[in-house]
file input19.txt (compact mmCIF, C-alpha atoms and all ligand atoms)
# COMPACT_ATOMS: atom_id res chain seq x y z
CA MET M 1 -137.63 -172.32 203.08
CA ARG M 2 -139.76 -171.19 206.00
CA ILE M 3 -142.37 -173.15 207.88
CA ALA M 4 -144.71 -171.80 210.55
CA ILE M 5 -146.24 -173.82 213.35
CA VAL M 6 -149.45 -172.41 214.80
CA CYS M 7 -150.62 -174.20 217.91
CA TYR M 8 -152.75 -173.74 220.98
CA SER M 9 -151.20 -175.04 224.18
CA LEU M 10 -152.45 -174.37 227.69
CA THR M 11 -150.40 -176.81 229.75
CA GLY M 12 -147.41 -177.00 227.41
CA HIS M 13 -147.52 -180.45 225.79
CA THR M 14 -148.55 -179.29 222.32
CA ALA M 15 -146.00 -176.46 222.30
CA ASP M 16 -143.35 -178.89 223.55
CA MET M 17 -143.98 -181.26 220.63
CA ALA M 18 -144.00 -178.27 218.25
CA SER M 19 -140.43 -177.60 219.32
CA GLU M 20 -139.48 -181.19 218.38
CA ILE M 21 -140.96 -180.56 214.92
CA VAL M 22 -138.82 -177.41 214.64
CA LYS M 23 -135.68 -179.51 215.30
CA GLY M 24 -136.57 -181.79 212.38
CA ILE M 25 -137.30 -178.86 210.08
CA GLU M 26 -133.98 -177.26 210.97
CA GLU M 27 -132.14 -180.54 210.24
CA GLU M 28 -133.26 -180.01 206.64
CA GLY M 29 -131.77 -176.53 206.58
CA ALA M 30 -135.16 -174.83 206.72
CA GLU M 31 -136.37 -172.19 209.18
CA ALA M 32 -139.34 -172.60 211.50
CA LYS M 33 -141.16 -170.54 214.11
CA ILE M 34 -143.81 -171.56 216.62
CA PHE M 35 -146.80 -169.38 217.44
CA ASN M 36 -148.78 -170.49 220.48
CA ILE M 37 -152.04 -168.59 219.98
CA GLY M 38 -153.00 -169.38 223.58
CA LYS M 39 -150.25 -166.98 224.63
CA ALA M 40 -149.98 -164.32 221.92
CA PRO M 41 -151.38 -163.60 218.48
CA ALA M 42 -149.49 -165.25 215.61
CA ASP M 43 -147.27 -163.11 213.37
CA LEU M 44 -149.40 -163.09 210.20
CA GLU M 45 -146.71 -161.38 208.14
CA TYR M 46 -144.21 -164.14 208.97
CA ILE M 47 -146.76 -166.86 208.21
CA SER M 48 -147.55 -165.22 204.87
CA SER M 49 -143.89 -165.54 203.93
CA CYS M 50 -143.85 -169.31 204.68
CA ASN M 51 -144.14 -172.24 202.26
CA GLY M 52 -145.59 -174.49 204.93
CA LEU M 53 -148.00 -174.23 207.84
CA ILE M 54 -148.38 -176.91 210.51
CA ILE M 55 -151.23 -176.66 213.00
CA GLY M 56 -151.06 -178.26 216.45
CA THR M 57 -153.90 -178.83 218.88
CA PRO M 58 -154.60 -180.54 222.16
CA THR M 59 -157.50 -182.95 221.83
CA TYR M 60 -160.54 -181.56 223.63
CA LEU M 61 -163.77 -183.56 223.53
CA ALA M 62 -162.27 -185.74 220.79
CA SER M 63 -161.77 -182.73 218.54
CA SER M 64 -159.44 -179.81 217.92
CA VAL M 65 -159.80 -176.83 220.28
CA TRP M 66 -162.12 -174.01 219.23
CA GLN M 67 -159.25 -171.51 219.31
CA ILE M 68 -157.66 -173.26 216.31
CA LYS M 69 -160.94 -173.30 214.39
CA LYS M 70 -161.40 -169.59 215.12
CA TRP M 71 -157.85 -168.88 213.95
CA LEU M 72 -158.49 -170.71 210.69
CA GLU M 73 -161.94 -169.18 210.26
CA GLU M 74 -161.18 -165.58 211.20
CA ASP M 75 -157.68 -164.61 212.28
CA SER M 76 -155.83 -166.05 209.26
CA LYS M 77 -158.10 -164.43 206.67
CA SER M 78 -155.42 -162.07 205.37
CA ILE M 79 -153.02 -164.95 204.55
CA ALA M 80 -153.04 -166.70 201.17
CA LEU M 81 -153.10 -170.16 202.71
CA GLY M 82 -153.84 -171.83 199.37
CA ASP M 83 -150.22 -171.55 198.25
CA LYS M 84 -148.83 -173.48 201.22
CA LEU M 85 -148.22 -177.07 202.28
CA GLY M 86 -150.22 -177.97 205.40
CA GLY M 87 -150.05 -180.50 208.18
CA ALA M 88 -151.52 -181.12 211.61
CA PHE M 89 -150.61 -182.81 214.89
CA ALA M 90 -152.26 -183.39 218.23
CA THR M 91 -151.59 -184.24 221.84
CA ALA M 92 -154.14 -186.08 223.95
CA HIS M 93 -154.53 -187.91 227.23
CA PHE M 94 -156.22 -191.15 226.19
CA ALA M 95 -155.13 -193.65 223.52
CA GLN M 96 -158.77 -193.64 222.42
CA GLY M 97 -159.18 -189.90 223.06
CA GLY M 98 -160.10 -188.71 219.56
CA GLN M 99 -156.72 -187.32 218.50
CA ASP M 100 -157.16 -188.63 214.95
CA THR M 101 -160.50 -186.87 214.71
CA ALA M 102 -158.80 -183.68 215.92
CA ILE M 103 -156.12 -183.96 213.23
CA MET M 104 -158.64 -184.79 210.49
CA ASP M 105 -160.81 -181.80 211.52
CA ILE M 106 -157.84 -179.55 210.90
CA LEU M 107 -156.66 -181.24 207.69
CA GLY M 108 -160.21 -180.89 206.30
CA GLN M 109 -160.18 -177.18 207.05
CA LEU M 110 -156.78 -176.79 205.38
CA LEU M 111 -158.15 -178.55 202.28
CA VAL M 112 -161.04 -176.08 202.20
CA LYS M 113 -158.45 -173.29 202.18
CA GLY M 114 -156.97 -174.89 199.03
CA MET M 115 -153.86 -176.18 200.73
CA LEU M 116 -152.01 -179.35 199.84
CA VAL M 117 -151.81 -181.47 202.97
CA TYR M 118 -149.15 -183.93 204.08
CA SER M 119 -149.27 -186.51 206.87
CA GLY M 120 -145.64 -187.49 207.26
CA GLY M 121 -146.76 -190.80 205.84
CA GLY M 122 -145.51 -194.34 205.61
CA SER M 123 -143.51 -194.19 202.38
CA PHE M 124 -140.25 -193.68 204.30
CA GLY M 125 -140.88 -196.70 206.57
CA GLN M 126 -140.79 -196.36 210.35
CA PRO M 127 -142.22 -194.46 212.04
CA ILE M 128 -145.43 -194.74 210.04
CA ILE M 129 -147.29 -191.51 210.72
CA HIS M 130 -150.92 -192.00 209.80
CA HIS M 131 -152.66 -188.61 209.61
CA GLY M 132 -150.12 -186.63 211.59
CA PRO M 133 -148.07 -187.23 214.74
CA VAL M 134 -149.72 -187.75 218.13
CA ALA M 135 -148.29 -187.70 221.67
CA LEU M 136 -150.19 -188.89 224.73
CA ASP M 137 -149.43 -186.63 227.68
CA LYS M 138 -149.12 -189.03 230.60
CA VAL M 139 -149.57 -192.55 229.31
CA GLY M 140 -146.52 -194.58 230.34
CA SER M 141 -143.45 -193.59 228.35
CA HIS M 142 -145.43 -192.67 225.22
CA TYR M 143 -144.88 -188.95 225.59
CA GLU M 144 -141.08 -189.11 225.78
CA GLU M 145 -140.90 -191.78 223.07
CA SER M 146 -142.97 -189.57 220.76
CA ARG M 147 -140.32 -186.88 220.62
CA GLU M 148 -138.35 -188.66 217.91
CA MET M 149 -141.46 -189.19 215.77
CA PHE M 150 -142.25 -185.46 215.95
CA ARG M 151 -138.69 -184.61 214.97
CA ILE M 152 -138.86 -187.03 212.02
CA TYR M 153 -142.23 -185.55 211.02
CA GLY M 154 -140.61 -182.09 210.94
CA SER M 155 -137.82 -183.34 208.73
CA ARG M 156 -140.19 -185.19 206.36
CA PHE M 157 -142.45 -182.15 206.17
CA ALA M 158 -139.54 -179.84 205.30
CA LYS M 159 -138.26 -182.33 202.67
CA LYS M 160 -141.72 -182.47 201.07
CA ALA M 161 -141.99 -178.68 201.08
CA LYS M 162 -138.57 -178.40 199.41
CA GLU M 163 -139.64 -180.97 196.78
CA LEU M 164 -142.80 -179.00 196.03
CA PHE M 165 -141.39 -175.52 196.14
CA HIS M 166 -137.91 -176.31 194.67
CA ASP M 167 -136.10 -174.40 197.40
C1 LIG M 201 -161.25 -179.42 228.55
C2 LIG M 201 -160.36 -180.59 228.18
C3 LIG M 201 -160.85 -181.59 227.37
C4 LIG M 201 -160.04 -182.69 227.04
N1 LIG M 201 -160.55 -183.66 226.24
C5 LIG M 201 -159.76 -184.71 225.89
C6 LIG M 201 -160.26 -185.72 225.03
O1 LIG M 201 -161.38 -185.68 224.54
N2 LIG M 201 -159.43 -186.76 224.72
C7 LIG M 201 -158.16 -186.87 225.24
O2 LIG M 201 -157.46 -187.85 224.95
N3 LIG M 201 -157.65 -185.89 226.04
C8 LIG M 201 -158.41 -184.83 226.37
N4 LIG M 201 -157.89 -183.82 227.16
C9 LIG M 201 -156.44 -183.86 227.52
C10 LIG M 201 -155.59 -182.96 226.61
O3 LIG M 201 -155.83 -183.21 225.22
C11 LIG M 201 -154.09 -183.20 226.86
O4 LIG M 201 -153.79 -183.04 228.23
C12 LIG M 201 -153.22 -182.30 226.00
O5 LIG M 201 -151.91 -182.80 225.94
C13 LIG M 201 -153.17 -180.86 226.55
O6 LIG M 201 -152.38 -180.06 225.68
P1 LIG M 201 -151.54 -178.80 226.20
O7 LIG M 201 -150.67 -179.27 227.36
O8 LIG M 201 -150.73 -178.38 225.04
O9 LIG M 201 -152.51 -177.76 226.62
C14 LIG M 201 -158.69 -182.74 227.52
C15 LIG M 201 -158.21 -181.71 228.34
C16 LIG M 201 -159.03 -180.64 228.67
C17 LIG M 201 -158.47 -179.53 229.54

call {"tool": "encode", "arguments": {"input": "input19.txt", "output": "structure tokens"}}
result
Amino acid sequence: MRIAIVCYSLTGHTADMASEIVKGIEEEGAEAKIFNIGKAPADLEYISSCNGLIIGTPTYLASSVWQIKKWLEEDSKSIALGDKLGGAFATAHFAQGGQDTAIMDILGQLLVKGMLVYSGGGSFGQPIIHHGPVALDKVGSHYEESREMFRIYGSRFAKKAKELFHD
């Protein structure tokens, strides 16, 4: 079971939370790799071989960054995304900063690609993850406290992928 995380991260918060997700995925015995497309192009061959794809974005202007939209629109064209489980997460500065809109933008695009999407959900109790996990970069202790939620999201996502793909 392999899961790819494609994110854009300029000042490191989104990539940092991606590494918490990896910990959760690995707890389930699955493999995961992070591709920060702000730093280097993603390995399309590796992503093609994955059962799951999680997209991470900072919230810019209450939306996902354009680099993620471009990746989904153009750069990922050679990948059969429709056979994968998808998810999305965001970091933001403000509690009311539009991070949910950013996540929903991405989930909508994954649906258009024919992907099944998964939020992390509430069916396992706490933490209830609504559309996908969110961390606020410098708001009190929220950022540090979010680490566990991101790890749990990774483990729930890997469990769901195993359920669907019978790994
Ligand atoms: C151009 C720009 C626009 C931003 N717009 C928002 C916004 O609309 N809402 C918000 O909560 N944070 C906003 N932020 C803050 C970032 O979402 C936040 O710092 C994020 O964690 C950065 O991610 P990174 O460290 O992975 O690059 C903005 C930051 C920049 C640079």

call {"tool": "closest_residue", "arguments": {"input": "input19.txt", "among": "M:Ala90, M:Ile79, M:Ile68, M:Ile128", "to": "Asn51 of chain M", "atoms": "only C-alpha atoms"}}
result
M:Ile79

call {"tool": "residues_near_ligand", "arguments": {"input": "input19.txt", "ligand": "ligand LIG 201 (chain M)", "cutoff": "10 Å", "atoms": "only C-alpha atoms and all ligand atoms", "output": "MDAnalysis selection string"}}
result
chainID M and resid 7:18 36 38 56:65 90:99 101:102 134:138 143

call {"tool": "closest_residue", "arguments": {"input": "input19.txt", "among": "M:Ile103, M:Ala161, M:Ile129, M:Ile5", "to": "Ser146 of chain M", "atoms": "all atoms listed in the file"}}
result
M:Ile129

call {"tool": "closest_residue", "arguments": {"input": "input19.txt", "among": "M:Leu53, M:Ala42, M:Ile106, M:Ala32", "to": "Trp66 of chain M", "atoms": "only C-alpha atoms"}}
result
M:Ile106

call {"tool": "closest_residue", "arguments": {"input": "input19.txt", "among": "M:Val6, M:Ala40, M:Ile21, M:Leu116", "to": "Ser76 of chain M", "atoms": "all atoms listed in the file"}}
result
M:Val6

call {"tool": "closest_residue", "arguments": {"input": "input19.txt", "among": "M:Glu145, M:Arg156, M:Gly29, M:Asp100", "to": "Gly122 of chain M", "atoms": "all atoms listed in the file"}}
result
M:Arg156

call {"tool": "atom_distance", "arguments": {"input": "input19.txt", "atom1": "atom CA of Met104 of chain M", "atom2": "atom CA of Phe165 of chain M"}}
result
24.3 Å

call {"tool": "closest_residue", "arguments": {"input": "input19.txt", "among": "M:Phe124, M:Tyr118, M:Phe35, M:Trp71", "to": "Phe89 of chain M", "atoms": "only C-alpha atoms"}}
result
M:Tyr118

call {"tool": "atom_distance", "arguments": {"input": "input19.txt", "atom1": "atom CA of Ser49 of chain M", "atom2": "atom CA of Tyr153 of chain M"}}
result
21.3 Å

call {"tool": "atom_distance", "arguments": {"input": "input19.txt", "atom1": "atom CA of Phe157 of chain M", "atom2": "atom CA of Asp83 of chain M"}}
result
15.3 Å

call {"tool": "residues_around", "arguments": {"input": "input19.txt", "residues": "Ile152 of chain M", "least_positions_apart": "3", "cutoff": "9 Å", "atoms": "all atoms listed in the file", "output": "ChimeraX atom specification"}}
result
/M:20-21,23-25,120,127,147-149,155-157
